[in-house]
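Structure file query12.csv with CSV, C-alpha atoms and all ligand atoms:
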chain,number,residue,atom,x,y,z
A,1,MET,CA,-18.2,21.9,-20.4
A,2,THR,CA,-19.0,25.2,-18.7
A,3,ASP,CA,-16.5,28.1,-18.3
A,4,LYS,CA,-15.5,26.7,-14.9
A,5,ILE,CA,-14.7,23.1,-14.4
A,6,ARG,CA,-17.1,21.6,-11.9
A,7,TRP,CA,-15.5,19.5,-9.2
A,8,GLY,CA,-16.9,17.0,-6.8
A,9,ILE,CA,-14.9,15.7,-3.8
A,10,LEU,CA,-15.6,12.1,-2.7
A,11,GLY,CA,-14.6,11.5,0.9
A,12,THR,CA,-14.2,14.1,3.6
A,13,GLY,CA,-10.9,13.1,5.3
A,14,HIS,CA,-7.5,14.8,5.7
A,15,ILE,CA,-6.4,15.0,2.1
A,16,SER,CA,-9.9,16.0,0.8
A,17,LYS,CA,-9.8,19.0,3.0
A,18,LYS,CA,-6.4,20.0,1.6
A,19,PHE,CA,-7.7,19.5,-1.9
A,20,ALA,CA,-10.7,21.8,-1.2
A,21,ASP,CA,-8.2,24.4,0.0
A,22,ALA,CA,-6.2,23.9,-3.2
A,23,LEU,CA,-9.3,24.3,-5.5
A,24,ALA,CA,-10.2,27.5,-3.7
A,25,ILE,CA,-7.2,29.4,-5.2
A,26,LEU,CA,-8.0,28.3,-8.7
A,27,PRO,CA,-10.3,30.7,-10.5
A,28,GLU,CA,-11.3,28.2,-13.2
A,29,ALA,CA,-12.3,25.6,-10.6
A,30,ASP,CA,-15.8,25.4,-9.2
A,31,LEU,CA,-16.1,23.1,-6.1
A,32,ALA,CA,-19.7,22.2,-6.7
A,33,ALA,CA,-20.4,19.1,-4.5
A,34,VAL,CA,-19.0,16.9,-1.8
A,35,ALA,CA,-20.0,13.4,-0.8
A,36,SER,CA,-19.5,11.5,2.4
A,37,ARG,CA,-20.8,8.2,3.8
A,38,THR,CA,-22.5,10.3,6.4
A,39,ALA,CA,-24.8,13.3,6.0
A,40,ASP,CA,-23.2,15.1,9.0
A,41,SER,CA,-19.7,14.9,7.6
A,42,ALA,CA,-20.9,16.0,4.1
A,43,LYS,CA,-22.8,18.9,5.6
A,44,GLN,CA,-19.9,20.1,7.8
A,45,PHE,CA,-17.4,19.9,4.9
A,46,ALA,CA,-19.8,21.7,2.6
A,47,GLU,CA,-20.4,24.5,5.2
A,48,LYS,CA,-16.6,24.9,5.8
A,49,TYR,CA,-15.8,25.2,2.1
A,50,LYS,CA,-19.0,26.8,1.0
A,51,ILE,CA,-20.0,24.0,-1.4
A,52,PRO,CA,-23.6,24.2,-2.6
A,53,LYS,CA,-24.3,20.4,-2.7
A,54,ALA,CA,-23.6,17.9,0.1
A,55,TYR,CA,-24.4,14.3,-0.6
A,56,SER,CA,-24.6,11.6,2.0
A,57,SER,CA,-23.7,8.8,-0.4
A,58,TYR,CA,-20.9,8.6,-2.9
A,59,GLN,CA,-23.3,7.3,-5.6
A,60,GLU,CA,-25.4,10.5,-5.5
A,61,LEU,CA,-22.2,12.5,-6.4
A,62,ALA,CA,-21.4,10.1,-9.2
A,63,ASP,CA,-25.0,10.5,-10.5
A,64,ASP,CA,-24.9,14.3,-10.4
A,65,PRO,CA,-25.1,15.4,-14.1
A,66,ASP,CA,-23.6,18.9,-13.2
A,67,ILE,CA,-20.2,17.6,-12.2
A,68,ASP,CA,-17.3,17.3,-14.6
A,69,VAL,CA,-14.6,15.7,-12.5
A,70,ILE,CA,-14.4,13.9,-9.2
A,71,TYR,CA,-11.5,13.8,-6.7
A,72,ILE,CA,-11.2,10.5,-4.9
A,73,GLY,CA,-9.8,11.0,-1.4
A,74,THR,CA,-10.6,7.6,0.2
A,75,PRO,CA,-8.3,4.8,1.6
A,76,HIS,CA,-6.4,2.8,-1.0
A,77,THR,CA,-8.7,-0.2,-0.7
A,78,PHE,CA,-11.7,1.8,-2.1
A,79,HIS,CA,-10.0,3.6,-4.9
A,80,LEU,CA,-11.0,1.1,-7.6
A,81,GLU,CA,-14.7,0.8,-6.4
A,82,ASN,CA,-15.1,4.6,-6.0
A,83,SER,CA,-13.3,5.6,-9.2
A,84,VAL,CA,-15.2,3.0,-11.3
A,85,MET,CA,-18.5,4.2,-9.9
A,86,CYS,CA,-17.8,7.7,-11.0
A,87,MET,CA,-16.3,6.8,-14.4
A,88,LEU,CA,-19.4,4.6,-15.2
A,89,LYS,CA,-21.4,7.8,-14.9
A,90,GLY,CA,-19.1,9.6,-17.4
A,91,LYS,CA,-17.1,11.5,-14.8
A,92,ALA,CA,-13.5,12.3,-15.2
A,93,VAL,CA,-11.5,11.1,-12.1
A,94,LEU,CA,-8.5,12.3,-10.2
A,95,CYS,CA,-7.7,9.4,-7.8
A,96,GLU,CA,-5.3,9.8,-4.9
A,97,LYS,CA,-2.1,7.8,-4.8
A,98,ALA,CA,-1.4,4.9,-4.6
A,99,LEU,CA,-3.8,4.4,-7.6
A,100,THR,CA,-5.0,1.0,-6.2
A,101,ILE,CA,-4.0,-1.8,-3.9
A,102,ASN,CA,-2.3,-3.9,-6.7
A,103,ALA,CA,-1.7,-4.1,-10.4
A,104,ALA,CA,-4.8,-6.2,-11.2
A,105,GLU,CA,-6.9,-3.4,-9.7
A,106,ALA,CA,-5.0,-0.7,-11.6
A,107,ARG,CA,-5.4,-2.5,-14.9
A,108,GLU,CA,-9.2,-2.8,-14.2
A,109,MET,CA,-9.5,0.9,-13.3
A,110,VAL,CA,-7.6,2.0,-16.5
A,111,ARG,CA,-9.7,-0.5,-18.6
A,112,VAL,CA,-12.9,1.2,-17.4
A,113,ALA,CA,-11.5,4.7,-18.1
A,114,ARG,CA,-10.6,3.7,-21.6
A,115,GLU,CA,-13.9,1.9,-22.2
A,116,GLN,CA,-15.9,4.9,-20.9
A,117,ASN,CA,-13.5,7.3,-22.8
A,118,VAL,CA,-13.1,9.5,-19.6
A,119,PHE,CA,-10.1,11.2,-18.1
A,120,LEU,CA,-8.3,9.4,-15.3
A,121,MET,CA,-5.1,10.4,-13.4
A,122,GLU,CA,-3.3,9.1,-10.3
A,123,ALA,CA,-2.8,12.1,-8.0
A,124,MET,CA,1.1,12.0,-7.8
A,125,ILE,CA,1.8,15.6,-6.8
A,126,THR,CA,5.6,15.4,-7.4
A,127,ARG,CA,5.0,15.2,-11.2
A,128,HIS,CA,3.3,18.6,-11.3
A,129,VAL,CA,5.5,20.8,-9.1
A,130,PRO,CA,7.1,23.4,-11.4
A,131,LEU,CA,10.6,23.0,-9.8
A,132,MET,CA,10.5,19.3,-10.5
A,133,LYS,CA,9.9,20.0,-14.2
A,134,LYS,CA,13.0,22.2,-14.2
A,135,VAL,CA,15.0,19.5,-12.6
A,136,GLN,CA,13.9,17.2,-15.4
A,137,GLY,CA,15.0,19.9,-17.8
A,138,TRP,CA,18.6,19.8,-16.3
A,139,ILE,CA,18.6,16.0,-16.8
A,140,ALA,CA,17.3,16.2,-20.4
A,141,ASP,CA,19.9,18.8,-21.3
A,142,GLY,CA,22.6,16.4,-20.2
A,143,ARG,CA,23.8,18.7,-17.3
A,144,ILE,CA,24.7,15.6,-15.2
A,145,GLY,CA,25.5,13.3,-18.1
A,146,GLU,CA,24.0,9.9,-18.0
A,147,VAL,CA,21.9,9.1,-14.9
A,148,ARG,CA,23.5,6.2,-13.1
A,149,MET,CA,21.9,6.2,-9.7
A,150,VAL,CA,18.8,7.6,-8.0
A,151,LYS,CA,18.6,7.9,-4.2
A,152,ALA,CA,15.4,9.0,-2.5
A,153,SER,CA,13.7,8.9,0.9
A,154,ARG,CA,10.1,9.4,1.9
A,155,CYS,CA,10.0,8.7,5.6
A,156,ALA,CA,8.0,10.2,8.5
A,157,ARG,CA,7.5,9.4,12.1
A,158,GLY,CA,3.8,9.5,12.7
A,159,GLU,CA,1.7,8.9,15.8
A,160,PHE,CA,-1.3,6.9,14.7
A,161,PRO,CA,-4.5,6.3,16.8
A,162,PRO,CA,-5.7,2.7,16.8
A,163,GLY,CA,-7.2,1.7,13.4
A,164,ALA,CA,-5.7,4.7,11.5
A,165,ARG,CA,-5.7,4.4,7.8
A,166,GLN,CA,-1.9,4.8,7.4
A,167,LEU,CA,-0.9,1.5,9.1
A,168,ASN,CA,-4.2,-0.4,8.9
A,169,PRO,CA,-3.8,-3.3,6.6
A,170,ASP,CA,-7.5,-3.6,6.0
A,171,LEU,CA,-7.5,-0.1,4.5
A,172,GLY,CA,-4.3,-0.8,2.4
A,173,GLY,CA,-2.1,0.9,5.0
A,174,GLY,CA,1.6,0.5,5.3
A,175,SER,CA,4.7,2.4,4.2
A,176,LEU,CA,4.9,0.9,0.7
A,177,LEU,CA,1.5,2.1,-0.6
A,178,ASP,CA,1.3,5.2,1.5
A,179,VAL,CA,4.8,6.8,1.0
A,180,GLY,CA,6.9,4.2,-0.9
A,181,VAL,CA,4.9,5.1,-4.0
A,182,TYR,CA,6.5,8.5,-4.0
A,183,VAL,CA,10.1,7.2,-4.3
A,184,ILE,CA,9.1,4.4,-6.7
A,185,SER,CA,7.3,6.9,-8.9
A,186,PHE,CA,10.2,9.3,-8.7
A,187,ALA,CA,12.6,6.6,-9.9
A,188,SER,CA,10.2,5.8,-12.7
A,189,MET,CA,9.9,9.4,-13.7
A,190,ILE,CA,13.7,9.9,-13.8
A,191,TYR,CA,14.6,6.7,-15.7
A,192,GLN,CA,11.4,6.4,-17.8
A,193,LYS,CA,11.8,2.6,-17.7
A,194,PHE,CA,11.4,-0.2,-15.2
A,195,PRO,CA,14.1,-2.3,-13.4
A,196,VAL,CA,15.2,-5.7,-14.4
A,197,GLU,CA,16.2,-6.7,-10.8
A,198,VAL,CA,14.3,-5.7,-7.6
A,199,ILE,CA,15.2,-6.3,-4.0
A,200,GLY,CA,12.9,-5.1,-1.2
A,201,LEU,CA,13.0,-5.5,2.5
A,202,SER,CA,10.6,-4.3,5.1
A,203,HIS,CA,9.7,-4.5,8.8
A,204,ILE,CA,6.1,-5.7,9.4
A,205,GLY,CA,5.1,-4.1,12.6
A,206,ASP,CA,2.5,-4.9,15.3
A,207,TRP,CA,-0.4,-3.7,13.1
A,208,GLY,CA,0.5,-6.3,10.5
A,209,SER,CA,1.5,-3.8,8.0
A,210,ASP,CA,4.9,-2.6,6.7
A,211,GLU,CA,6.2,0.2,9.0
A,212,GLN,CA,9.3,0.7,7.0
A,213,GLY,CA,11.0,-0.6,3.9
A,214,VAL,CA,13.8,-0.2,1.4
A,215,ALA,CA,13.9,-1.1,-2.3
A,216,ILE,CA,16.9,-1.4,-4.5
A,217,PHE,CA,16.4,-1.5,-8.3
A,218,LYS,CA,18.9,-2.4,-11.1
A,219,TYR,CA,18.1,-1.4,-14.6
A,220,ASP,CA,19.2,-2.8,-18.0
A,221,GLN,CA,22.2,-0.6,-18.4
A,222,GLY,CA,23.4,-1.1,-14.8
A,223,GLU,CA,21.7,2.0,-13.4
A,224,LEU,CA,20.6,1.7,-9.8
A,225,ALA,CA,17.9,3.2,-7.5
A,226,ASP,CA,18.2,3.2,-3.7
A,227,LEU,CA,14.9,4.0,-2.1
A,228,SER,CA,13.6,4.1,1.5
A,229,PHE,CA,10.1,4.7,3.0
A,230,ALA,CA,8.7,4.7,6.5
A,231,LEU,CA,5.8,5.7,8.7
A,232,ARG,CA,7.4,5.4,12.1
A,233,THR,CA,10.9,6.5,11.4
A,234,ALA,CA,12.1,10.1,11.2
A,235,ALA,CA,14.3,11.1,8.3
A,236,SER,CA,15.3,14.0,6.1
A,237,ASN,CA,13.6,13.4,2.8
A,238,GLU,CA,16.0,14.4,0.1
A,239,ALA,CA,16.5,12.9,-3.3
A,240,TYR,CA,19.6,12.7,-5.4
A,241,VAL,CA,20.0,12.0,-9.1
A,242,LEU,CA,23.6,11.0,-9.8
A,243,GLY,CA,25.1,11.1,-13.2
A,244,ASN,CA,28.5,10.3,-14.8
A,245,LYS,CA,29.2,14.0,-15.0
A,246,GLY,CA,27.5,15.6,-12.0
A,247,TYR,CA,24.6,15.2,-9.7
A,248,ILE,CA,21.4,16.9,-8.5
A,249,LYS,CA,20.4,17.2,-4.9
A,250,ILE,CA,16.7,17.9,-4.3
A,251,ASP,CA,16.1,19.2,-0.7
A,252,ASP,CA,13.7,17.9,1.9
A,253,VAL,CA,10.8,17.3,1.1
A,254,PHE,CA,11.8,16.2,-2.4
A,255,ALA,CA,8.3,15.0,-3.2
A,256,VAL,CA,7.1,18.6,-3.1
A,257,PRO,CA,10.3,20.3,-3.9
A,258,THR,CA,11.3,23.9,-3.3
A,259,LYS,CA,15.1,23.7,-3.8
A,260,ALA,CA,17.4,21.8,-6.1
A,261,THR,CA,21.2,22.1,-6.6
A,262,LEU,CA,23.2,21.0,-9.6
A,263,VAL,CA,26.8,20.0,-8.8
A,264,VAL,CA,29.4,19.4,-11.5
A,265,ASN,CA,33.0,18.6,-10.8
A,266,LYS,CA,32.3,19.3,-7.1
A,267,VAL,CA,31.2,22.8,-7.9
A,268,GLU,CA,27.7,24.1,-7.4
A,269,GLU,CA,26.8,25.1,-11.0
A,270,ALA,CA,23.2,26.1,-10.4
A,271,VAL,CA,20.6,26.4,-7.7
A,272,LEU,CA,16.8,26.4,-8.2
A,273,GLU,CA,14.7,27.8,-5.5
A,274,GLU,CA,11.0,28.2,-5.9
A,275,PRO,CA,8.3,28.4,-3.2
A,276,ILE,CA,5.2,26.3,-3.5
A,277,VAL,CA,2.1,28.2,-4.5
A,278,GLY,CA,-0.9,27.2,-2.4
A,279,ASN,CA,-0.5,23.7,-0.8
A,280,ALA,CA,0.8,22.2,-4.1
A,281,LEU,CA,-2.3,20.0,-4.7
A,282,ASN,CA,-3.5,23.0,-6.9
A,283,TYR,CA,-0.8,22.0,-9.4
A,284,GLU,CA,-2.3,18.6,-10.0
A,285,ALA,CA,-5.8,20.1,-10.1
A,286,GLU,CA,-4.5,22.6,-12.8
A,287,GLU,CA,-3.1,19.7,-14.8
A,288,VAL,CA,-6.5,17.9,-14.7
A,289,MET,CA,-8.3,21.0,-15.9
A,290,ARG,CA,-5.7,21.6,-18.7
A,291,CYS,CA,-6.2,18.0,-19.9
A,292,LEU,CA,-10.0,18.3,-19.7
A,293,ARG,CA,-9.9,21.5,-21.8
A,294,LEU,CA,-7.7,19.8,-24.4
A,295,GLY,CA,-9.9,16.7,-24.4
A,296,LEU,CA,-7.1,14.5,-23.2
A,297,LYS,CA,-8.0,11.3,-21.5
A,298,GLU,CA,-4.8,11.0,-19.5
A,299,SER,CA,-1.9,13.3,-18.5
A,300,PRO,CA,1.4,13.1,-20.3
A,301,PHE,CA,3.0,13.8,-16.9
A,302,MET,CA,1.4,10.8,-15.1
A,303,PRO,CA,0.5,8.3,-17.9
A,304,LEU,CA,-1.9,5.5,-17.0
A,305,ASP,CA,0.3,2.7,-18.2
A,306,GLU,CA,3.1,4.0,-16.0
A,307,SER,CA,0.7,4.1,-13.0
A,308,ILE,CA,0.0,0.4,-13.7
A,309,GLN,CA,3.7,-0.4,-14.0
A,310,ILE,CA,4.3,1.3,-10.7
A,311,MET,CA,1.6,-0.9,-9.1
A,312,GLU,CA,3.2,-4.0,-10.7
A,313,LEU,CA,6.6,-3.0,-9.2
A,314,MET,CA,5.0,-2.6,-5.8
A,315,ASP,CA,3.4,-6.0,-6.1
A,316,ARG,CA,6.8,-7.4,-6.9
A,317,ILE,CA,8.5,-5.7,-4.0
A,318,ARG,CA,6.0,-6.9,-1.4
A,319,LYS,CA,5.6,-10.5,-2.6
A,320,PRO,CA,8.6,-11.8,-0.7
A,321,TRP,CA,7.3,-10.0,2.5
A,322,GLY,CA,4.2,-12.1,2.5
A,323,LEU,CA,2.2,-8.9,2.7
A,324,VAL,CA,-1.3,-9.6,1.3
A,325,TYR,CA,-4.2,-7.1,1.3
A,326,SER,CA,-7.9,-8.0,1.7
A,327,ASN,CA,-8.5,-7.0,-2.0
A,328,ASP,CA,-5.6,-9.1,-3.4
A,401,LIG,N1,-1.2,13.7,-1.9
A,401,LIG,C1,-0.9,13.8,-0.6
A,401,LIG,O1,-0.1,14.6,-0.1
A,401,LIG,C2,-1.6,12.8,0.3
A,401,LIG,C3,-1.5,13.0,1.7
A,401,LIG,C4,-2.2,12.1,2.5
A,401,LIG,C5,-3.0,11.1,2.0
A,401,LIG,N2,-3.0,10.9,0.6
A,401,LIG,C6,-3.8,9.8,0.0
A,401,LIG,O2,-5.2,10.2,0.2
A,401,LIG,C7,-6.0,9.1,0.4
A,401,LIG,C8,-6.8,9.3,1.7
A,401,LIG,O3,-5.9,9.6,2.8
A,401,LIG,P1,-6.3,10.5,4.0
A,401,LIG,O4,-5.1,10.6,4.8
A,401,LIG,O5,-7.1,11.7,3.6
A,401,LIG,O6,-7.3,9.5,4.8
A,401,LIG,P2,-8.4,9.8,5.9
A,401,LIG,O7,-8.1,11.1,6.6
A,401,LIG,O8,-8.6,8.6,6.7
A,401,LIG,O9,-9.7,10.1,5.0
A,401,LIG,C9,-10.3,9.1,4.2
A,401,LIG,C10,-11.7,9.3,3.9
A,401,LIG,O10,-12.2,8.2,3.1
A,401,LIG,C11,-13.6,8.0,3.4
A,401,LIG,N3,-13.7,6.5,3.7
A,401,LIG,C12,-14.5,5.7,3.0
A,401,LIG,N4,-14.5,4.5,3.5
A,401,LIG,C13,-13.7,4.5,4.6
A,401,LIG,C14,-13.4,3.5,5.5
A,401,LIG,N5,-13.8,2.3,5.5
A,401,LIG,N6,-12.6,3.9,6.5
A,401,LIG,C15,-12.1,5.2,6.6
A,401,LIG,N7,-12.4,6.1,5.7
A,401,LIG,C16,-13.2,5.8,4.7
A,401,LIG,C17,-13.9,8.8,4.7
A,401,LIG,O11,-14.7,9.9,4.2
A,401,LIG,P3,-16.3,10.0,4.5
A,401,LIG,O12,-16.4,9.6,6.0
A,401,LIG,O13,-16.6,11.4,4.2
A,401,LIG,O14,-17.0,9.0,3.6
A,401,LIG,C18,-12.6,9.3,5.2
A,401,LIG,O15,-12.7,10.6,5.8
A,401,LIG,C19,-5.1,7.9,0.4
A,401,LIG,O16,-5.0,7.4,-0.9
A,401,LIG,C20,-3.7,8.5,0.8
A,401,LIG,O17,-2.6,7.8,0.3
A,401,LIG,C21,-2.4,11.8,-0.2
Rewrite the structure of this file - the entire thing - as structure tokens.
Amino acid sequence: MTDKIRWGILGTGHISKKFADALAILPEADLAAVASRTADSAKQFAEKYKIPKAYSSYQELADDPDIDVIYIGTPHTFHLENSVMCMLKGKAVLCEKALTINAAEAREMVRVAREQNVFLMEAMITRHVPLMKKVQGWIADGRIGEVRMVKASRCARGEFPPGARQLNPDLGGGSLLDVGVYVISFASMIYQKFPVEVIGLSHIGDWGSDEQGVAIFKYDQGELADLSFALRTAASNEAYVLGNKGYIKIDDVFAVPTKATLVVNKVEEAVLEEPIVGNALNYEAEEVMRCLRLGLKESPFMPLDESIQIMELMDRIRKPWGLVYSND
């Protein structure tokens, strides 16, 4: 590995642009190549971000021997195919959330990573924001006692042009995979275990995808999680971690937090406030580079088995909805 870690970006959509901005503030990151399905889009992206190599096929990026790690910024239905293509060429992969469409795909992606002995991580930004790690410190130190309940919301009211990825079932669109994954992953991060009982309800909208949903989990010691997610419903996106001694409120937007308050006996005992550096995606890129330098094949902050279990949980939640994706 050279001094700098050589990144490639696969796909030139919304989040790939933000990821290119994120890499630009990291001195140890070298954004060396971008790939698109079309030459024009690759060229425009490369010009904008001053990237030396622009490929008009994803395979060319996977084949490039001078790339260490590839960021996958495509719709959910392509994550498995795109990631496997790169890993089979020995590349480390940072794949956008949700890791895949379903648990079977997630297991296959992780199987390939382990077989190829390459690094793989689901890009779940919440896990890497410094303030969230401090919140976890409060919980580990027993400041709120035993965690008994988690409440979290990740809702937004978007305007989507016809066919847009976010609600398009053919691209794995819908609130569960697009934003529900944040609250489900949050509950998993807090409890470090998976529920024994799961209830999920959704509204399937005119596009045939889930516009909004709620999920309630019950864990083996009676702990609960109360989660909501939506793409056409406005909300304030706080999270609460409620213990038998006190509680923590994480302000909107909890998934990329800047403020958290610890309340014990109805008294504000501590407040954490910390601005986001960059656009936050730099935190997950830094974690990938830290792991690569240490020779780790997965991140302790977003373990691969946990990403698989989160997909299993999402399969379980949507089964009663009759929601089936083309890849299922
Ligand atoms: N972490 C976050 O904050 C965050 C925010 C938004 C989205 N995301 C995640 O990022 C991923 C991409 O979301 P996005 O909003 O960036 O999507 P987007 O703007 O639609 O971009 C997706 C890109 O994927 C490529 N692509 C390949 N096959 C495609 C197809 N059949 N239809 C459409 N695009 C195709 C296209 O790039 P080329 O044309 O260059 O090939 C396209 O520009 C999703 O997994 C999403 O959940 C994460």
All residues 8 Å or closer to region 70-86 of chain A, only C-alpha atoms, same chain fewer than 2 positions away omitted, as a PDB file with C-alpha atoms, in the coordinates of the input:
ATOM      1  CA  TRP A   7     -15.500  19.500  -9.200  1.00  0.00           C
ATOM      2  CA  GLY A   8     -16.900  17.000  -6.800  1.00  0.00           C
ATOM      3  CA  ILE A   9     -14.900  15.700  -3.800  1.00  0.00           C
ATOM      4  CA  LEU A  10     -15.600  12.100  -2.700  1.00  0.00           C
ATOM      5  CA  GLY A  11     -14.600  11.500   0.900  1.00  0.00           C
ATOM      6  CA  THR A  12     -14.200  14.100   3.600  1.00  0.00           C
ATOM      7  CA  GLY A  13     -10.900  13.100   5.300  1.00  0.00           C
ATOM      8  CA  ILE A  15      -6.400  15.000   2.100  1.00  0.00           C
ATOM      9  CA  SER A  16      -9.900  16.000   0.800  1.00  0.00           C
ATOM     10  CA  TYR A  58     -20.900   8.600  -2.900  1.00  0.00           C
ATOM     11  CA  GLN A  59     -23.300   7.300  -5.600  1.00  0.00           C
ATOM     12  CA  LEU A  61     -22.200  12.500  -6.400  1.00  0.00           C
ATOM     13  CA  ALA A  62     -21.400  10.100  -9.200  1.00  0.00           C
ATOM     14  CA  ASP A  63     -25.000  10.500 -10.500  1.00  0.00           C
ATOM     15  CA  ILE A  67     -20.200  17.600 -12.200  1.00  0.00           C
ATOM     16  CA  ASP A  68     -17.300  17.300 -14.600  1.00  0.00           C
ATOM     17  CA  LEU A  88     -19.400   4.600 -15.200  1.00  0.00           C
ATOM     18  CA  LYS A  89     -21.400   7.800 -14.900  1.00  0.00           C
ATOM     19  CA  GLY A  90     -19.100   9.600 -17.400  1.00  0.00           C
ATOM     20  CA  LYS A  91     -17.100  11.500 -14.800  1.00  0.00           C
ATOM     21  CA  ALA A  92     -13.500  12.300 -15.200  1.00  0.00           C
ATOM     22  CA  VAL A  93     -11.500  11.100 -12.100  1.00  0.00           C
ATOM     23  CA  LEU A  94      -8.500  12.300 -10.200  1.00  0.00           C
ATOM     24  CA  CYS A  95      -7.700   9.400  -7.800  1.00  0.00           C
ATOM     25  CA  GLU A  96      -5.300   9.800  -4.900  1.00  0.00           C
ATOM     26  CA  LYS A  97      -2.100   7.800  -4.800  1.00  0.00           C
ATOM     27  CA  ALA A  98      -1.400   4.900  -4.600  1.00  0.00           C
ATOM     28  CA  LEU A  99      -3.800   4.400  -7.600  1.00  0.00           C
ATOM     29  CA  THR A 100      -5.000   1.000  -6.200  1.00  0.00           C
ATOM     30  CA  ILE A 101      -4.000  -1.800  -3.900  1.00  0.00           C
ATOM     31  CA  GLU A 105      -6.900  -3.400  -9.700  1.00  0.00           C
ATOM     32  CA  ALA A 106      -5.000  -0.700 -11.600  1.00  0.00           C
ATOM     33  CA  GLU A 108      -9.200  -2.800 -14.200  1.00  0.00           C
ATOM     34  CA  MET A 109      -9.500   0.900 -13.300  1.00  0.00           C
ATOM     35  CA  VAL A 112     -12.900   1.200 -17.400  1.00  0.00           C
ATOM     36  CA  ALA A 113     -11.500   4.700 -18.100  1.00  0.00           C
ATOM     37  CA  ARG A 165      -5.700   4.400   7.800  1.00  0.00           C
ATOM     38  CA  ASP A 170      -7.500  -3.600   6.000  1.00  0.00           C
ATOM     39  CA  LEU A 171      -7.500  -0.100   4.500  1.00  0.00           C
ATOM     40  CA  GLY A 172      -4.300  -0.800   2.400  1.00  0.00           C
ATOM     41  CA  GLY A 173      -2.100   0.900   5.000  1.00  0.00           C
ATOM     42  CA  LEU A 177       1.500   2.100  -0.600  1.00  0.00           C
ATOM     43  CA  ASN A 327      -8.500  -7.000  -2.000  1.00  0.00           C
TER      44      ASN A 327
END
**OP:** Might you pull out every residue within 7 Å of Tyr240 (chain A), with only C-alpha atoms counted and same-chain residues fewer than 4 positions away left off, and present them as a ChimeraX atom specification?
**Re:** /A:150-152,248-250
Original post:
Using only C-alpha atoms, which residue out of A:Gln192, A:Ser202, A:Ser36, A:Ser209 lies closest to Gly174 (chain A)?
Top reply: A:Ser209
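If you measure from each of A:Glu287, A:Leu262, A:Val253, A:Leu313 to Phe217 (chain A) using all atoms listed in the file, the closest one turns out to be A:Leu313.
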Original post:
In Å, how far is it from atom C9 of ligand LIG 401 (chain A) to CA of Arg37 (chain A)?
Top reply: 10.5 Å
Original post:
CA of Ala24 (chain A) and CA of Gly278 (chain A) are how many Å apart?
Top reply: 9.4 Å
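Comparing the minimum interatomic distances between ligand LIG 401 (chain A) and each of A:Val34, A:Ile184, A:Ala20, A:Ile190, counting only C-alpha atoms and all ligand atoms, we find that A:Val34 sits nearest.
Here CA of Asp252 (chain A) is placed at a distance of 9.2 Å from CA of Arg154 (chain A).
Residue nearest Phe254 (chain A) within the list A:Met132, A:Met87, A:Ala103, A:Val271: A:Met132 [criterion: smallest interatomic distance, only C-alpha atoms].
Residue nearest Met124 (chain A), chosen from A:Ala32, A:Met302, A:Met149, A:Val69 and counting only C-alpha atoms: A:Met302.
The residue that comes closest to ligand LIG 401 (chain A), out of A:Gly205, A:Ala280, A:Ala225, A:Pro27 and on the basis of all atoms listed in the file, is A:Ala280.
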Subject >> Near-Leu272 (chain A) list (9 Å; all atoms listed in the file; drop same-chain fewer than 4 positions) as an NGL selection string >> reply: :A and (131 or 134-135 or 258-262)
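For Arg232 (chain A), the set of protein, DNA and RNA residues having any atom at most 12 Å away, when counting all atoms listed in the file and skipping those fewer than 5 positions along the same chain, is Arg154, Cys155, Ala156, Arg157, Gly158, Glu159, Phe160, Gln166, Leu167, Gly174, Ser175, Val179, His203, Ile204, Gly205, Asp206, Ser209, Asp210, Glu211, Gln212 and Gly213 of chain A.
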Within 7 Å of region 39-41 of chain A using all atoms listed in the file, minus same-chain residues under 4 positions, as a compact mmCIF listing (two decimals) with C-alpha atoms, keeping the file's coordinate frame:
# COMPACT_ATOMS: atom_id res chain seq x y z
CA THR A 12 -14.20 14.10 3.60
CA PHE A 45 -17.40 19.90 4.90
CA TYR A 55 -24.40 14.30 -0.60
CA SER A 56 -24.60 11.60 2.00
Exercise: residues within 10 Å of coordinate (22.8, 1.4, -17.6), counting all atoms listed in the file, as a JSON list (two decimals) with C-alpha atoms, in the coordinates of the input:
[["chain", "number", "residue", "atom", "x", "y", "z"],
["A", 146, "GLU", "CA", 24.00, 9.90, -18.00],
["A", 147, "VAL", "CA", 21.90, 9.10, -14.90],
["A", 148, "ARG", "CA", 23.50, 6.20, -13.10],
["A", 149, "MET", "CA", 21.90, 6.20, -9.70],
["A", 191, "TYR", "CA", 14.60, 6.70, -15.70],
["A", 218, "LYS", "CA", 18.90, -2.40, -11.10],
["A", 219, "TYR", "CA", 18.10, -1.40, -14.60],
["A", 220, "ASP", "CA", 19.20, -2.80, -18.00],
["A", 221, "GLN", "CA", 22.20, -0.60, -18.40],
["A", 222, "GLY", "CA", 23.40, -1.10, -14.80],
["A", 223, "GLU", "CA", 21.70, 2.00, -13.40],
["A", 224, "LEU", "CA", 20.60, 1.70, -9.80]]
Per-axis box centre and lengths in Å around region 250-255 of chain A, 5 Å margin per side, axis-aligned, as AutoDock Vina command-line options:
--center_x 12.5 --center_y 17.1 --center_z -1.2 --size_x 18.4 --size_y 14.2 --size_z 16.2
